[in-house]
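Visitor: Got a structure for you, written out below as structure tokens; questions coming shortly.
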Amino acid sequence: MPINLPEINKPRIVIVGAGFAGIKLSRKLSHKDYQVVIIDKNNFHQFQPLLYQVAMSGIEPSSIAFPLRKLFRRTKNVHIRVAELESVNPDQKFIMTSEGQVNYDILVLATGVTTNYYGNESIESNVYSLKSVSDALFLRNAILTDLEKALTVRDKDKRKALIDLVIVGGGPTGVELAGSLAEMRKYILPKEYPELNPKEMEVHLIQSRSDLLYGMSDEASKKSREYLEDLGVDVLTGVRVTGYDGNAITLNNGQVLYSTKVIWAAGITGNRIAGIPDEVYVDGNRIKTNEYCQVNGFTDFYALGDNAYMEEGEYEGHPQVAQPAIQQARLLAKNLNGQIKGKPFKPFHYRDLGTMATIGRNKAIADLPYWKTQGFVAWILWLVVHLKSILGVRNKILVLTNWIWSYITMDQGLRILIRHKTRRS
Ligand SMILES: Cc1cc2nc3c(=O)[nH]c(=O)nc-3n(C[C@H](O)[C@H](O)[C@H](O)COP(=O)(O)OP(=O)(O)OC[C@H]3O[C@@H](n4cnc5c(N)ncnc54)[C@H](O)[C@@H]3O)c2cc1C
């Protein structure tokens with residue numbers, strides 16, 4: 001059955017995914033001569049770069065989630081349907097979703113990526129991931145639950161397994177998480193859990209490559225390690241996790257660590273979608289496109305952002321971060337709006353604006369196109385850039401207020417344990 005949508009005399013662009021790419025494209029197409037249909041499994045846009053702060057009880061989930069209906073309430077040509085994409089039929093130009101069929105004139109897939117467990121089921125079923133607000137809340141609850149549980153346990157090894165944390169993956173997410181967990185141990189544990197010995201709590205960061213922050217400069221990599229080790233994080237590089245049963249983490253160097261919480265930030269992969277020919281996918285399950293973001297072999301079918309793979313000069317697939325997604329969406333909107341006026345398409349050229357990661361108070365690293373900096377200046381830059389990128393004035397104010405409060409008081413006030421309830425509990 002087709003989903004209920006107004007049938008009007010305008011070409012219909014269906015955008016699947018309201019992440020960085022989907023939102024930018026939809027906003028640039030609003031009030032234009034298209035009917036825009038946004039399909040997302042959530043009714044909100046989420047700002048992934050700050051998920052780890054939600055998991056660490058630093059900011060509220062609602063400050064990094066923005067309701068789609070609020071965003072588009074003044075745009076009559078944009079329709080939102082909360083549904084999950086199930087398959088694509090590019091020949092007959094429709095998609096199937098959990099709520100029914102949607103026909104399109106132009107289809108844009110901007111569904112992002114998912115966590116990659118490299119086929120290891122023991123790992124997949126026991127670790128925590130961090131890709132969504134739900135993941136962040138789940139992790140926050142697990143950390144708080146285990147801290148409370150640890151206070152009730154006499155056995156030192158069992159207690160340690162409850163409070164120790166292992167992060168796998170030394171990219172920006174792993175580094176940021178490790179830094180904030182180490183800060184929690186330093187500033188929060190002594191105040192709120194004085195009966196737990198902070199020295200008993202270990203934070204391990206495991207990275208299979210020989211250095212942290214692959215893709216950033218050597219200085220950034222070295223400095224991030226220095227900052228983390230200063231905070232007391234055990235950084236293990238050149239080491240791979242081979243298995244995890246929910247308590248014991250086995251490493252390929254023979255070492256075994258014990259923790260009830262392993263946070264997996266070690267890789268991402270695209271989701272294969274039924275109906276898209278296999279030959280369109282490249283390694284990492286990304287969808288191959290040409291320089292106009294058109295899916296290989298199709299004209300009215302586009303892919304943007306993390307799930308798209310485009311070769312351009314030195315880039316064999318652009319970095320899977322926010323800027324390529326935003327820039328591709330901006331260009332596609334320009335091309336589609338121009339198409340109506342008979343203008344030719346322009347090809348995509350990525351403008352690298354740099355990479356940043358923060359490790360803790362006054363500690364960050366920034367590799368900018370003409371400048372590399374670390375420490376306080378990089379930290380301020382990180383704060384400004386992230387604050388600027390959050391959608392909505394209210395959310396910006398909420399995040400800024402929380403940051404200022406935490407900075408002054410060395411505290412985070414959101415450690416509330418809200419448990420999942422069933423109807424009868
Ligand atoms: C923890 C974390 C930290 C990060 N930190 C940074 C950072 O500091 N800087 C940076 O530049 N980048 C960072 N990134 C990467 C950045 O968030 C992504 O590159 C960016 O979100 C990609 O945008 P996108 O639009 O392609 O996909 P996304 O933003 O992931 O959006 C995908 C959308 O598709 C929807 N969707 C997915 N599948 C379906 C389906 N089947 N049906 C319906 N809807 C679907 C999802 O709900 C989501 O709304 C981080 C990512 C994570 C996870």
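Chain labels follow the order of the structure tokens: the first chain is A, the next B, and so on; residue numbering restarts at 1 in every chain, and ligands are counted from 1 in their shown order.
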Could you write out, as JSON, numbers by chain, all the residues of segment 173-360 of chain A that DSSP marks as alpha helix (DSSP H)?
Guide: {"A": [173, 174, 175, 176, 177, 178, 179, 180, 181, 182, 183, 189, 190, 191, 192, 218, 219, 220, 221, 222, 223, 224, 225, 226, 227, 228, 229, 230, 322, 323, 324, 325, 326, 327, 328, 329, 330, 331, 332, 333, 334, 335, 336, 337, 338, 339, 340]}
Visitor: Hey, can you spit out that residue selection with C-alpha atoms as a short mmCIF file (atom, residue, chain, number, x, y, z; two decimals), in the first residue's frame?
Guide:
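Written output follows (part31.cif):
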```cif
data_model
loop_
_atom_site.label_atom_id
_atom_site.label_comp_id
_atom_site.auth_asym_id
_atom_site.auth_seq_id
_atom_site.Cartn_x
_atom_site.Cartn_y
_atom_site.Cartn_z
CA THR A 173 35.12 8.96 19.10
CA GLY A 174 37.32 6.55 21.08
CA VAL A 175 39.77 9.27 22.07
CA GLU A 176 36.99 11.66 23.17
CA LEU A 177 35.24 8.95 25.16
CA ALA A 178 38.43 7.81 26.87
CA GLY A 179 39.27 11.40 27.82
CA SER A 180 35.87 12.10 29.28
CA LEU A 181 35.76 8.82 31.22
CA ALA A 182 39.16 9.61 32.70
CA GLU A 183 37.86 13.04 33.69
CA LEU A 189 34.00 9.70 41.37
CA PRO A 190 35.68 11.20 44.47
CA LYS A 191 32.72 13.56 45.03
CA GLU A 192 29.75 11.30 44.34
CA ASP A 218 51.62 12.91 13.59
CA GLU A 219 51.59 15.80 16.07
CA ALA A 220 47.87 15.29 16.68
CA SER A 221 48.33 11.59 17.17
CA LYS A 222 51.25 11.98 19.59
CA LYS A 223 49.64 14.80 21.53
CA SER A 224 46.35 12.93 21.96
CA ARG A 225 48.24 9.98 23.41
CA GLU A 226 50.18 12.29 25.74
CA TYR A 227 46.96 13.97 26.94
CA LEU A 228 45.23 10.63 27.53
CA GLU A 229 48.18 9.14 29.39
CA ASP A 230 48.40 12.28 31.55
CA ALA A 322 30.04 15.71 8.60
CA GLN A 323 31.60 18.10 6.08
CA PRO A 324 31.51 15.89 2.95
CA ALA A 325 27.86 15.07 3.75
CA ILE A 326 26.97 18.75 4.13
CA GLN A 327 28.95 19.88 1.08
CA GLN A 328 27.53 17.15 -1.16
CA ALA A 329 23.99 18.02 -0.06
CA ARG A 330 24.61 21.69 -0.76
CA LEU A 331 25.85 20.95 -4.27
CA LEU A 332 23.03 18.50 -5.05
CA ALA A 333 20.45 21.08 -3.97
CA LYS A 334 22.07 23.64 -6.27
CA ASN A 335 22.09 21.16 -9.15
CA LEU A 336 18.48 20.08 -8.63
CA ASN A 337 17.24 23.65 -8.26
CA GLY A 338 19.25 24.58 -11.38
CA GLN A 339 17.90 21.60 -13.31
CA ILE A 340 14.41 23.11 -13.19
#
```
Visitor: Could you report the residues within 8 Å of ligand 1, using only C-alpha atoms and all ligand atoms, as a ChimeraX atom specification?
Guide: /A:16-23,39-42,44-52,82-86,97,110-114,130-132,172-173,265,271,273,304-308,319-326,355-357,386
Visitor: For a quick check of understanding, using only C-alpha atoms, which of A:Tyr214, A:Tyr118, A:Tyr292, A:Phe94 has the smallest distance to Pro344 of chain A?
Guide: A:Tyr292
Visitor: Taking only C-alpha atoms into account, name the residue in A:Tyr187, A:Tyr34, A:Phe72, A:Phe376 that is nearest to Asp411 of chain A.
Guide: A:Tyr187
Visitor: Between A:Met310, A:Ile163, A:Leu107, A:Val233, which has the minimum distance to Lys261 of chain A (counting only C-alpha atoms)?
Guide: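 The closest residue to Lys261 of chain A is A:Ile163.
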Visitor: Would you pick out the contacts of Met201 of chain A at 8 Å or less, using only C-alpha atoms, so that residues sharing its chain but fewer than 5 positions from it are not included, and give the list as a short mmCIF file (atom, residue, chain, number, x, y, z; two decimals) with N, CA and C atoms, in the first residue's frame?
Guide:
```
data_model
loop_
_atom_site.label_atom_id
_atom_site.label_comp_id
_atom_site.auth_asym_id
_atom_site.auth_seq_id
_atom_site.Cartn_x
_atom_site.Cartn_y
_atom_site.Cartn_z
N LYS A 160 35.88 -4.24 40.39
CA LYS A 160 36.70 -3.60 39.36
C LYS A 160 36.10 -3.80 37.96
N ILE A 163 33.44 -1.29 37.33
CA ILE A 163 33.78 0.14 37.15
C ILE A 163 34.85 0.38 36.07
N ASP A 164 35.61 -0.64 35.72
CA ASP A 164 36.60 -0.46 34.65
C ASP A 164 35.88 -0.30 33.31
N LEU A 165 36.52 0.41 32.42
CA LEU A 165 35.90 0.60 31.11
C LEU A 165 36.92 0.36 30.01
N ARG A 185 36.40 9.95 36.23
CA ARG A 185 37.08 9.29 37.35
C ARG A 185 37.78 10.33 38.23
#
```
Visitor: Pick out the closest residue to Ile123 of chain A from this set: A:Ala274, A:Val262, A:Ala65, A:Val54. Count only C-alpha atoms.
Guide: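 Among the listed residues, A:Val262 lies closest to Ile123 of chain A.
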